[in-house]
>>> print(open('work19.cif').read())   # mmCIF, C-alpha atoms
data_target
#
loop_
_atom_site.label_atom_id
_atom_site.label_comp_id
_atom_site.auth_asym_id
_atom_site.auth_seq_id
_atom_site.Cartn_x
_atom_site.Cartn_y
_atom_site.Cartn_z
CA ASP A 244 12.08 -2.09 36.99
CA THR A 245 11.18 -5.70 37.61
CA GLY A 246 13.75 -7.12 35.22
CA VAL A 247 13.27 -9.86 32.67
CA SER A 248 10.98 -12.61 33.93
CA GLN A 249 10.92 -16.18 32.63
CA ASP A 250 8.46 -18.96 33.37
CA PRO A 251 8.76 -21.77 34.25
CA ARG A 252 12.20 -21.84 35.85
CA HIS A 253 12.46 -25.59 35.38
CA LYS A 254 10.72 -28.01 33.03
CA ILE A 255 11.10 -31.76 32.91
CA THR A 256 9.44 -33.50 30.00
CA LYS A 257 9.48 -36.78 28.17
CA ARG A 258 10.91 -37.09 24.70
CA GLY A 259 8.30 -36.33 22.07
CA GLN A 260 6.26 -33.94 24.20
CA ASN A 261 5.74 -30.27 23.37
CA VAL A 262 6.83 -27.53 25.75
CA THR A 263 6.26 -23.78 25.85
CA PHE A 264 8.25 -21.16 27.71
CA ARG A 265 7.27 -17.57 28.44
CA CYS A 266 9.38 -14.43 28.70
CA ASP A 267 8.27 -11.03 29.99
CA PRO A 268 10.85 -8.38 29.06
CA ILE A 269 11.66 -5.13 30.85
CA SER A 270 8.59 -3.02 30.12
CA GLU A 271 10.10 -0.23 27.99
CA HIS A 272 12.38 -2.55 25.99
CA ASN A 273 11.31 -3.07 22.39
CA ARG A 274 13.88 -5.75 21.57
CA LEU A 275 13.66 -9.33 22.81
CA TYR A 276 16.04 -12.24 22.31
CA TRP A 277 16.15 -15.96 22.95
CA TYR A 278 19.41 -17.79 23.61
CA ARG A 279 20.25 -21.38 24.47
CA GLN A 280 23.05 -22.39 26.81
CA THR A 281 24.38 -25.89 27.30
CA LEU A 282 26.78 -27.04 29.99
CA GLY A 283 30.26 -25.59 29.62
CA GLN A 284 29.26 -23.19 26.88
CA GLY A 285 28.28 -19.57 26.65
CA PRO A 286 24.78 -18.66 25.49
CA GLU A 287 24.08 -19.09 21.75
CA PHE A 288 21.73 -16.80 19.86
CA LEU A 289 18.45 -18.34 18.71
CA THR A 290 16.17 -15.54 17.58
CA TYR A 291 15.39 -11.85 17.91
CA PHE A 292 12.26 -9.66 17.91
CA GLN A 293 11.92 -5.96 17.43
CA ASN A 294 8.48 -5.15 18.76
CA GLU A 295 6.27 -7.94 17.37
CA ALA A 296 8.42 -8.66 14.30
CA GLN A 297 10.76 -11.65 14.35
CA LEU A 298 13.76 -10.31 12.45
CA GLU A 299 16.25 -13.13 12.62
CA LYS A 300 16.34 -16.84 13.37
CA SER A 301 19.54 -18.77 13.90
CA ARG A 302 20.15 -21.99 11.98
CA LEU A 303 20.17 -23.55 15.47
CA LEU A 304 16.40 -23.00 15.50
CA SER A 305 15.07 -26.09 13.75
CA ASP A 306 11.53 -26.29 12.41
CA ARG A 307 10.46 -27.86 15.72
CA PHE A 308 11.08 -24.51 17.40
CA SER A 309 8.76 -21.54 17.06
CA ALA A 310 8.82 -18.19 18.82
CA GLU A 311 6.18 -15.50 18.94
CA ARG A 312 5.76 -12.04 20.36
CA PRO A 313 2.18 -11.30 19.40
CA LYS A 314 1.70 -7.85 20.91
CA GLY A 315 5.28 -6.75 21.14
CA SER A 316 5.37 -7.41 24.86
CA PHE A 317 5.83 -10.95 26.21
CA SER A 318 7.20 -13.75 24.05
CA THR A 319 6.77 -17.51 23.95
CA LEU A 320 9.18 -20.16 22.73
CA GLU A 321 7.63 -23.51 21.82
CA ILE A 322 9.52 -26.71 21.16
CA GLN A 323 7.55 -29.48 19.48
CA ARG A 324 8.42 -33.18 19.67
CA THR A 325 11.23 -32.57 22.14
CA GLU A 326 14.47 -34.53 21.82
CA GLN A 327 17.10 -35.25 24.44
CA GLY A 328 19.44 -32.88 22.64
CA ASP A 329 17.04 -30.03 23.42
CA SER A 330 18.01 -30.24 27.08
CA ALA A 331 19.56 -26.89 27.91
CA MET A 332 19.01 -23.57 29.66
CA TYR A 333 16.81 -21.29 27.56
CA LEU A 334 17.55 -17.65 28.24
CA CYS A 335 15.55 -14.60 27.30
CA ALA A 336 17.00 -11.11 27.13
CA SER A 337 15.62 -7.68 26.33
CA SER A 338 17.15 -4.38 25.35
CA LEU A 339 16.50 -0.83 24.28
CA LEU A 340 18.76 0.62 21.61
CA ARG A 341 20.39 3.67 23.16
CA GLY A 342 23.23 5.78 21.80
CA GLY A 343 23.77 3.26 19.04
CA HIS A 344 24.48 0.50 21.56
CA ASN A 345 22.29 -2.37 22.47
CA ILE A 346 22.74 -3.52 26.07
CA GLN A 347 20.98 -6.79 26.76
CA TYR A 348 19.59 -7.80 30.15
CA PHE A 349 18.88 -11.43 30.82
CA GLY A 350 16.23 -13.33 32.70
CA ALA A 351 16.99 -16.19 35.08
CA GLY A 352 16.31 -18.74 32.35
CA THR A 353 14.22 -21.89 31.95
CA ARG A 354 16.10 -25.13 32.52
CA LEU A 355 14.71 -27.85 30.24
CA SER A 356 15.41 -31.52 30.86
CA VAL A 357 14.16 -33.99 28.26
CA LEU A 358 14.07 -37.57 29.53
CA THR B 197 36.19 -21.92 15.86
CA GLN B 198 35.05 -19.79 18.79
CA LEU B 199 34.72 -16.14 17.79
CA LEU B 200 35.52 -15.02 21.33
CA GLU B 201 38.20 -16.96 23.17
CA GLN B 202 38.24 -16.67 26.94
CA SER B 203 41.13 -17.72 29.14
CA PRO B 204 41.63 -19.33 31.45
CA GLN B 205 38.62 -21.62 31.25
CA PHE B 206 38.88 -22.53 34.95
CA LEU B 207 40.50 -20.60 37.79
CA SER B 208 40.63 -21.58 41.45
CA ILE B 209 42.30 -19.15 43.85
CA GLN B 210 42.46 -18.23 47.52
CA GLU B 211 40.63 -15.30 49.02
CA GLY B 212 42.70 -12.13 48.78
CA GLU B 213 44.53 -13.04 45.57
CA ASN B 214 44.38 -11.00 42.37
CA LEU B 215 43.42 -12.44 39.00
CA THR B 216 42.96 -11.48 35.37
CA VAL B 217 40.60 -13.03 32.83
CA TYR B 218 41.09 -12.49 29.12
CA CYS B 219 38.72 -12.29 26.19
CA ASN B 220 40.31 -12.34 22.72
CA SER B 221 39.11 -12.30 19.15
CA SER B 222 40.31 -11.64 15.63
CA SER B 223 37.12 -9.65 15.03
CA VAL B 224 36.47 -6.01 15.88
CA PHE B 225 33.56 -5.35 18.23
CA SER B 226 31.41 -2.25 18.40
CA SER B 227 30.81 -2.98 22.08
CA LEU B 228 31.69 -5.66 24.54
CA GLN B 229 29.88 -6.69 27.69
CA TRP B 230 31.03 -8.67 30.70
CA TYR B 231 28.47 -10.76 32.58
CA ARG B 232 28.64 -12.92 35.68
CA GLN B 233 26.50 -16.02 35.91
CA GLU B 234 25.79 -18.16 38.95
CA PRO B 235 24.63 -21.79 38.70
CA GLY B 236 21.01 -22.09 37.59
CA GLU B 237 20.68 -18.34 36.95
CA GLY B 238 20.89 -16.04 33.95
CA PRO B 239 23.89 -13.83 33.18
CA VAL B 240 23.98 -10.56 35.13
CA LEU B 241 25.49 -7.56 33.36
CA LEU B 242 28.62 -6.15 35.00
CA VAL B 243 29.84 -3.59 32.47
CA THR B 244 29.75 -2.45 28.85
CA VAL B 245 32.82 -1.06 27.09
CA VAL B 246 32.51 0.70 23.75
CA THR B 247 35.65 2.78 23.13
CA GLY B 248 39.05 1.33 22.24
CA GLY B 249 41.41 1.68 25.22
CA GLU B 250 38.55 2.29 27.62
CA VAL B 251 39.03 1.33 31.26
CA LYS B 252 36.09 0.97 33.65
CA LYS B 253 36.19 0.20 37.34
CA LEU B 254 33.48 -1.42 39.40
CA LYS B 255 34.69 -1.61 43.00
CA ARG B 256 37.44 -4.27 42.94
CA LEU B 257 36.84 -5.13 39.27
CA THR B 258 38.69 -3.35 36.46
CA PHE B 259 37.65 -3.85 32.85
CA GLN B 260 39.73 -2.85 29.85
CA PHE B 261 38.83 -2.78 26.17
CA GLY B 262 41.75 -3.18 23.78
CA ASP B 263 42.80 -0.26 21.60
CA ALA B 264 41.73 -2.14 18.47
CA ARG B 265 38.46 -3.28 20.08
CA LYS B 266 39.36 -6.93 19.52
CA ASP B 267 40.10 -7.94 23.08
CA SER B 268 39.22 -7.20 26.67
CA SER B 269 40.34 -8.10 30.16
CA LEU B 270 38.80 -8.29 33.59
CA HIS B 271 41.03 -7.85 36.62
CA ILE B 272 39.80 -8.61 40.12
CA THR B 273 41.76 -7.29 43.09
CA ALA B 274 41.66 -9.07 46.45
CA ALA B 275 39.16 -11.67 45.33
CA GLN B 276 36.44 -12.73 47.76
CA PRO B 277 34.31 -15.91 47.89
CA GLY B 278 31.34 -13.83 46.68
CA ASP B 279 33.20 -13.30 43.39
CA THR B 280 32.79 -16.99 42.59
CA GLY B 281 30.90 -17.54 39.36
CA LEU B 282 31.09 -17.91 35.59
CA TYR B 283 32.42 -14.77 33.93
CA LEU B 284 31.28 -14.34 30.33
CA CYS B 285 32.37 -11.81 27.76
CA ALA B 286 30.01 -11.05 24.89
CA GLY B 287 30.23 -8.69 21.97
CA ALA B 288 28.42 -7.32 18.97
CA VAL B 289 30.67 -7.62 15.91
CA SER B 290 31.41 -4.25 14.31
CA GLY B 291 29.72 -3.90 10.95
CA GLY B 292 27.40 -6.78 11.67
CA SER B 293 24.00 -6.87 13.27
CA ASN B 294 24.18 -4.75 16.39
CA TYR B 295 21.66 -6.90 18.18
CA LYS B 296 23.29 -10.33 18.09
CA LEU B 297 25.66 -11.02 20.94
CA THR B 298 28.43 -13.56 20.52
CA PHE B 299 29.57 -15.10 23.80
CA GLY B 300 32.79 -16.70 24.87
CA LYS B 301 32.66 -20.03 26.73
CA GLY B 302 33.32 -18.28 29.99
CA THR B 303 35.82 -18.46 32.84
CA LEU B 304 34.65 -20.41 35.86
CA LEU B 305 36.16 -18.70 38.91
CA THR B 306 36.22 -20.29 42.35
CA VAL B 307 37.47 -18.22 45.26
CA ASN B 308 38.21 -20.35 48.29
CA PRO B 309 37.93 -18.86 51.80
#
>>> encode(input="work19.cif", output="structure tokens")
Amino acid sequence: DTGVSQDPRHKITKRGQNVTFRCDPISEHNRLYWYRQTLGQGPEFLTYFQNEAQLEKSRLLSDRFSAERPKGSFSTLEIQRTEQGDSAMYLCASSLLRGGHNIQYFGAGTRLSVL
Amino acid sequence: TQLLEQSPQFLSIQEGENLTVYCNSSSVFSSLQWYRQEPGEGPVLLVTVVTGGEVKKLKRLTFQFGDARKDSSLHITAAQPGDTGLYLCAGAVSGGSNYKLTFGKGTLLTVNP
């Protein structure tokens, strides 16, 4: 079990640029989530995949954000035309529904700074 | 309005002291998780509680889920500097989507040597 892996760990970009983050979930987990965490806050749900299907998107996910999980394994989160307000920690989590409960395990996150 | 209210928001104590962190809501949760997060890292799962009234122990940490599954507490005995971190509670609302976790803002604990 290698855990949830996220890449890159840190990203600094200029306003208006596009960025893409990658998440590799725990191998047997069919559910994958993206969260965003800003300073002083707990993580906030962005979107969720079951296998390759994106089943829910938060209203926090503007049309500049897109997430994919093409083969039901790794996922990417792209932010187009970044804004300073996009600066945050982007967290990925994965889970396997077991016994009716859904325990999520998190990666180390990607820290985005938009200058 | 925060769905999950954690208190206190900040806590600074001396090594060896005991402490309790609270997580409260007006909503019923099907399960509740406690995570610890260190600066620049993702949350690390400590425990999951699913049954009202459940008590779980993890070394010096004791977790309790309220009878009505609306609240939870984390008690640390004889705190050590290695316990320093952000403690987050998160739950899946009962009757809602069982995949979406709602987090509290966290309790930032500092244990001074």
>>> residues_around(input="work19.cif", residues="Thr290 of chain A", least_positions_apart="3", cutoff="8 Å", atoms="all atoms listed in the file", output="ChimeraX atom specification")
/A:276-278,297-301,304,310
>>> residues_around(input="work19.cif", residues="Arg302 of chain A", least_positions_apart="4", cutoff="12 Å", atoms="all atoms listed in the file", output="list of chain:residue names")
A:Glu287, A:Phe288, A:Leu289, A:Thr290, A:Asp306, A:Arg307, A:Phe308
>>> interface_residues(input="work19.cif", of="chain A", to="chain B", cutoff="6 Å", atoms="all atoms listed in the file", output="PDB file with C-alpha atoms, keeping the file's coordinate frame")
ATOM      1  CA  GLN A 284      29.260 -23.190  26.880  1.00  0.00           C
ATOM      2  CA  GLY A 285      28.280 -19.570  26.650  1.00  0.00           C
ATOM      3  CA  PHE A 349      18.880 -11.430  30.820  1.00  0.00           C
ATOM      4  CA  GLY A 350      16.230 -13.330  32.700  1.00  0.00           C
ATOM      5  CA  ALA A 351      16.990 -16.190  35.080  1.00  0.00           C
ATOM      6  CA  GLY A 352      16.310 -18.740  32.350  1.00  0.00           C
TER       7      GLY A 352
END
>>> closest_residue(input="work19.cif", among="A:Ser316, A:Thr353, A:Thr245, A:Gln327", to="Leu275 of chain A", atoms="only C-alpha atoms")
A:Ser316
>>> atom_distance(input="work19.cif", atom1="atom CA of Glu326 of chain A", atom2="atom CA of Ala296 of chain A")
27.6 Å
>>> resolve_selection(input="work19.cif", expression="the PyMOL selection byres ((chain B and resi 260) around 7)", output="PyMOL selection string")
chain B and resi 249-252+258-259+261-262+268-270
>>> residues_around(input="work19.cif", residues="Glu213 of chain B", least_positions_apart="6", cutoff="10 Å", atoms="only C-alpha atoms", output="list in words")
Ile272, Thr273, Ala274, Ala275, Gln276 and Val307 of chain B
>>> resolve_selection(input="work19.cif", expression="the PyMOL selection byres ((chain A and resi 258) around 9)", output="PyMOL selection string")
chain A and resi 256-257+259-261+324-327+357-358
>>> write_last_selection(input="work19.cif", atoms="C-alpha atoms", output="tab-separated table (two decimals), keeping the file's coordinate frame")
chain	number	residue	atom	x	y	z
A	256	THR	CA	9.44	-33.50	30.00
A	257	LYS	CA	9.48	-36.78	28.17
A	259	GLY	CA	8.30	-36.33	22.07
A	260	GLN	CA	6.26	-33.94	24.20
A	261	ASN	CA	5.74	-30.27	23.37
A	324	ARG	CA	8.42	-33.18	19.67
A	325	THR	CA	11.23	-32.57	22.14
A	326	GLU	CA	14.47	-34.53	21.82
A	327	GLN	CA	17.10	-35.25	24.44
A	357	VAL	CA	14.16	-33.99	28.26
A	358	LEU	CA	14.07	-37.57	29.53
>>> atom_distance(input="work19.cif", atom1="atom CA of Gly248 of chain B", atom2="atom CA of Pro286 of chain A")
24.8 Å
>>> atom_distance(input="work19.cif", atom1="atom CA of Gln293 of chain A", atom2="atom CA of Tyr333 of chain A")
19.0 Å
>>> residues_around(input="work19.cif", residues="Ser222 of chain B", least_positions_apart="3", cutoff="9 Å", atoms="all atoms listed in the file", output="NGL selection string")
:B and (199-200 or 266-267)
